[in-house]
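The structure appears right after this line, and notes come after that.
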Amino acid sequence: MDTQDAIIQALVSMADVLVEDFDVVDMLTGLTRKCVDLLGISAAGVMIADPSNVLHVIASSSEEMRVLELFELQSEQGPCLDAYHSGESVHHQMLLTSPATTWPLFTQAALDAGFHAVSALPLRLRDTTIGALNLFTTGRMPMDTGGAVVARAFADLATISIVQHRSTDQLQRINDQLSYALNSRILIEQAKGIIAERAKVDLQEAFNRLRRYTRNNNLRLTDVAAAAVAGTLDSTAWTPRATAPTPPLPRSGPSRPA
Amino acid sequence: MPGKDLEWAAAEIAENAGGLPQPGRVGEVCRDALHVTGAGLMLISGDGVQGSLCTTDPVSTLIEELQYSLGEGPCLDAYRQDQVVAEPDLSNPATSRWPAFTYAALRGGAHAVFSLPLKTGGLRLGSLDLYMDRPASLSVDQIADGIVLAGLAAGWVMAAQGATTPGALSDILTTGDFHLAVHNAAGMVSVQLGVPVREALLLLRGHAFAQGVALNTTAQDVITGRLRFG
């Protein structure tokens with residue numbers, strides 16, 4: 001598999017978070033690993049802000065990376081914090097021990113850990129920045145343009161997964177309601193066709209009869225339509241004056257043993 | 001710049017003071033952010049219900065309609081196989097995985113087709129359908145943006161349906177084309193032939209394919225009585 005395929009596969013698998021399994025930490029840990037595998041960098045880490053805007057280290061590709069990120073938070077300086085607070089990316093910065101360096105404490109710690117360059121991307125959707133993705137390299141070569149684009153896509157996808165993540169129950173419930181509503185609509189159209197053909201009337205009249213039968217027998221339209229499609233609906237449903245109280249959904253045999 | 005486009009797209013698809021955007025707008029945003037000729041959103045429910053939420057132009061309408069009529073094509077594959085489907089040159093005979101679809105799509109003006117699963121939180125809702133009017137590949141960043149956009153569009157579907165009374169279909173989604181006439185016709189044909197509705201649907205599809213017409217055309221013929229089975 002070439003790099004391009006690997007990247008696409010990684011993006012698809014990130015989008016493929018199973019509902020019952022969704023775990024933000026797992027997803028972000030996977031993200032840091034994919035960054036290291038595919039972007040030609042040495043280490044990656046993610047920080048996420050809590051509701052009071054305090055950043056926390058959530059995932060790291062290695063233990064030394066985690067220690068360095070914790071240090072960044074303690075010393076209150078570093079690229080991840082800058083990306084989070086500004087909402088803008090920090091592009092490949094070489095780490096040099098000069099007096100003019102932006103983050104003196106962080107730079108020293110990063111150099112001690114063997115890193116020479118760093119990038120940071122905000123995890124941002126619309127106006128909300130929820131955290132940042134940190135990318136570190138031990139070499140001095142900057143990430144290529146393609147790598148930077150893919151890093152951006154990784155960060156965007158991670159952000160969407162987190163921001164859009166409702167409770168699994170809630171999502172599943174909405175999806176069930178969507179399926180039910182679509183099915184119901186289609187069953188009703190099929191039932192209209194069945195009644196139109198049986199009663200030799202047009203579709204509008206078939207619908208009127210379906211509704212009238214449903215109302216008169218205090219049933220649900222979807223249930224009556226489903227019975228029509230299943231072939232278990234009483235013929236009074238499509239005869240013109242179906243006002244006599246009839247057993248709602250007659251079955252072929254007796255409803256209880258004699 | 002792809003990053004900027006994606007940010008723009010995210011803002012366009014988001015709920016704003018006027019509520020959620022209409023399906024047509026979401027389709028246009030996907031088309032413009034991904035720099036393709038046209039885009040469409042296909043909703044597919046686990047029970048085999050299939051509907052077109054929006055298409056940006058007649059060719060993308062044709063692409064979705066063909067897949068409904070023929071039961072094959074890129075967005076069905078993207079949905080069923082849960083992966084990105086890319087066909088950069090439909091006229092290349094070596095890569096014709098959907099013979100009937102390919103022939104008709106090419107004739108209609110689509111030369112490259114792409115489809116991405118529409119999913120959020122692991123739930124698959126359908127596909128985002130893209131096409132180009134000339135042979136073309138999507139770059140890695142276009143695909144990456146496409147995956148992100150498909151996630152945003154899936155979130156939009158969920159937001160729309162989540163704001164609706166249980167049991168009903170969201171007003172925003174109800175403007176989609178759910179091929180209702182085909183279901184009317186299937187009900188009628190099931191009575192004409194004394195077969196289950198599911199089977200009647202297959203017969204209608206087969207008839208449309210044999211006649212080389214859209215399934216909806218065959219359905220209209222049944223409804224108006226021009227065509228009878230049995």
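Residues in the structure tokens are numbered from 1 in each chain, the chains being A, B, ... in the order shown, and ligands are numbered from 1 in the order shown.
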
Original post:
Within 8 Å of chain B, which residues of chain A show up when using only C-alpha atoms, listed as a PyMOL selection string?
Top reply: chain A and resi 4+7-8+11-12+15-19+22+125-126+146+149-150+152-153+156-157+160-161+164-165+168+171-172+174-175+177-183+186-187+189-198+203+229-230

**OP:** Mind listing the alpha helix (DSSP H) residues of range 2-244 of chain A, per DSSP on the backbone, as a ChimeraX atom specification?
**Re:** /A:3-15,24-38,63-75,79-86,104-112,145-163,168-199,203-216,221-230

Non-local contacts of Arg124 in chain A (9 Å; only C-alpha atoms; under 4 positions in same chain excluded) as an mmCIF file with all heavy atoms, in the first residue's frame:
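Generated file (part_18.cif):
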data_model
loop_
_atom_site.group_PDB
_atom_site.id
_atom_site.type_symbol
_atom_site.label_atom_id
_atom_site.label_comp_id
_atom_site.auth_asym_id
_atom_site.auth_seq_id
_atom_site.Cartn_x
_atom_site.Cartn_y
_atom_site.Cartn_z
ATOM 1 N N TYR A 84 -3.600 26.911 20.458
ATOM 2 C CA TYR A 84 -4.918 26.898 21.097
ATOM 3 C C TYR A 84 -5.439 28.310 21.321
ATOM 4 O O TYR A 84 -6.584 28.625 20.997
ATOM 5 C CB TYR A 84 -4.857 26.138 22.425
ATOM 6 C CG TYR A 84 -6.139 26.268 23.219
ATOM 7 C CD1 TYR A 84 -7.306 25.651 22.786
ATOM 8 C CD2 TYR A 84 -6.177 27.027 24.390
ATOM 9 C CE1 TYR A 84 -8.495 25.792 23.495
ATOM 10 C CE2 TYR A 84 -7.372 27.174 25.102
ATOM 11 C CZ TYR A 84 -8.526 26.550 24.643
ATOM 12 O OH TYR A 84 -9.691 26.694 25.329
ATOM 13 N N GLY A 87 -5.794 30.191 17.826
ATOM 14 C CA GLY A 87 -6.613 29.547 16.800
ATOM 15 C C GLY A 87 -5.885 29.422 15.468
ATOM 16 O O GLY A 87 -6.462 29.035 14.462
ATOM 17 N N THR A 128 -14.976 27.830 17.266
ATOM 18 C CA THR A 128 -14.603 27.195 18.525
ATOM 19 C C THR A 128 -13.290 26.436 18.390
ATOM 20 O O THR A 128 -13.157 25.593 17.516
ATOM 21 C CB THR A 128 -15.706 26.205 18.951
ATOM 22 O OG1 THR A 128 -16.952 26.849 18.761
ATOM 23 C CG2 THR A 128 -15.543 25.783 20.391
ATOM 24 N N THR A 129 -12.328 26.755 19.242
ATOM 25 C CA THR A 129 -11.103 25.967 19.289
ATOM 26 C C THR A 129 -11.191 25.103 20.539
ATOM 27 O O THR A 129 -11.409 25.616 21.644
ATOM 28 C CB THR A 129 -9.871 26.871 19.342
ATOM 29 O OG1 THR A 129 -9.922 27.761 18.234
ATOM 30 C CG2 THR A 129 -8.594 26.055 19.266
ATOM 31 N N ILE A 130 -11.068 23.796 20.354
ATOM 32 C CA ILE A 130 -11.255 22.899 21.504
ATOM 33 C C ILE A 130 -9.940 22.342 22.025
ATOM 34 O O ILE A 130 -9.904 21.704 23.056
ATOM 35 C CB ILE A 130 -12.205 21.725 21.158
ATOM 36 C CG1 ILE A 130 -11.655 20.911 19.978
ATOM 37 C CG2 ILE A 130 -13.602 22.236 20.839
ATOM 38 C CD1 ILE A 130 -12.351 19.587 19.799
ATOM 39 N N GLY A 131 -8.831 22.593 21.300
ATOM 40 C CA GLY A 131 -7.556 22.060 21.743
ATOM 41 C C GLY A 131 -6.510 22.237 20.661
ATOM 42 O O GLY A 131 -6.667 23.098 19.789
ATOM 43 N N ALA A 132 -5.457 21.446 20.708
ATOM 44 C CA ALA A 132 -4.409 21.566 19.690
ATOM 45 C C ALA A 132 -3.692 20.240 19.502
ATOM 46 O O ALA A 132 -3.657 19.396 20.399
ATOM 47 C CB ALA A 132 -3.418 22.662 20.081
ATOM 48 N N ALA A 155 -6.508 16.844 11.933
ATOM 49 C CA ALA A 155 -6.959 17.712 13.022
ATOM 50 C C ALA A 155 -8.443 18.053 12.851
ATOM 51 O O ALA A 155 -9.208 18.015 13.818
ATOM 52 C CB ALA A 155 -6.122 18.985 13.059
ATOM 53 N N ASP A 156 -8.853 18.337 11.601
ATOM 54 C CA ASP A 156 -10.263 18.674 11.353
ATOM 55 C C ASP A 156 -11.187 17.511 11.690
ATOM 56 O O ASP A 156 -12.240 17.677 12.301
ATOM 57 C CB ASP A 156 -10.464 19.060 9.881
ATOM 58 C CG ASP A 156 -9.895 20.433 9.566
ATOM 59 O OD1 ASP A 156 -9.720 21.231 10.513
ATOM 60 O OD2 ASP A 156 -9.594 20.701 8.392
ATOM 61 N N THR A 159 -11.517 16.968 15.325
ATOM 62 C CA THR A 159 -12.355 17.999 15.930
ATOM 63 C C THR A 159 -13.830 17.698 15.712
ATOM 64 O O THR A 159 -14.641 17.768 16.635
ATOM 65 C CB THR A 159 -12.027 19.374 15.311
ATOM 66 O OG1 THR A 159 -10.623 19.561 15.338
ATOM 67 C CG2 THR A 159 -12.692 20.486 16.102
ATOM 68 N N ILE A 160 -14.167 17.338 14.471
ATOM 69 C CA ILE A 160 -15.569 17.046 14.168
ATOM 70 C C ILE A 160 -16.060 15.860 14.988
ATOM 71 O O ILE A 160 -17.157 15.885 15.545
ATOM 72 C CB ILE A 160 -15.740 16.762 12.662
ATOM 73 C CG1 ILE A 160 -15.646 18.077 11.909
ATOM 74 C CG2 ILE A 160 -17.075 16.096 12.374
ATOM 75 C CD1 ILE A 160 -15.513 17.901 10.436
ATOM 76 N N GLU B 7 -13.075 25.238 6.152
ATOM 77 C CA GLU B 7 -13.566 26.070 7.244
ATOM 78 C C GLU B 7 -14.832 26.811 6.803
ATOM 79 O O GLU B 7 -15.819 26.892 7.535
ATOM 80 C CB GLU B 7 -12.476 27.080 7.597
ATOM 81 C CG GLU B 7 -12.493 27.526 9.018
ATOM 82 C CD GLU B 7 -11.290 28.407 9.260
ATOM 83 O OE1 GLU B 7 -10.144 27.926 9.073
ATOM 84 O OE2 GLU B 7 -11.512 29.574 9.572
#

**OP:** Excluding range 96-106 of chain B and any residue of its chain fewer than 3 positions from it, enumerate the residues within 9 Å of it, using only C-alpha atoms, and give them as a PyMOL selection string.
**Re:** chain B and resi 59+62-63+66-67+70-74+87+90-93+109-112+209

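Going from CA of Ala78 in chain B to CA of Leu202 in chain B covers 22.1 Å.
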
Subject >> Close residues, range 100-102 of chain A itself excluded, 10 Å, only C-alpha atoms, min 6 positions apart in chain, as number ranges by chain >> reply: A: 77-79, 94

Just write the chosen residues, N, CA and C atoms, as a PDB file, in the first residue's frame.
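Okay, again-v7.pdb is ready:
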ATOM      1  N   GLN A  77       3.970  27.812  28.528  1.00  0.00           N
ATOM      2  CA  GLN A  77       4.471  28.351  27.268  1.00  0.00           C
ATOM      3  C   GLN A  77       4.781  27.208  26.317  1.00  0.00           C
ATOM      4  N   GLY A  78       4.589  27.455  25.034  1.00  0.00           N
ATOM      5  CA  GLY A  78       4.898  26.430  24.036  1.00  0.00           C
ATOM      6  C   GLY A  78       3.956  26.535  22.851  1.00  0.00           C
ATOM      7  N   PRO A  79       4.271  25.800  21.781  1.00  0.00           N
ATOM      8  CA  PRO A  79       3.514  25.916  20.528  1.00  0.00           C
ATOM      9  C   PRO A  79       2.057  25.483  20.661  1.00  0.00           C
ATOM     10  N   MET A  94      11.973  25.755  14.120  1.00  0.00           N
ATOM     11  CA  MET A  94      13.207  25.112  14.603  1.00  0.00           C
ATOM     12  C   MET A  94      13.389  25.544  16.056  1.00  0.00           C
TER      13      MET A  94
END

**OP:** Quick one: pull the distance between CA of Asp23 in chain A and CA of Asn16 in chain B, Å, one decimal.
**Re:**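 Result for CA of Asp23 in chain A versus CA of Asn16 in chain B: 28.5 Å, one decimal.
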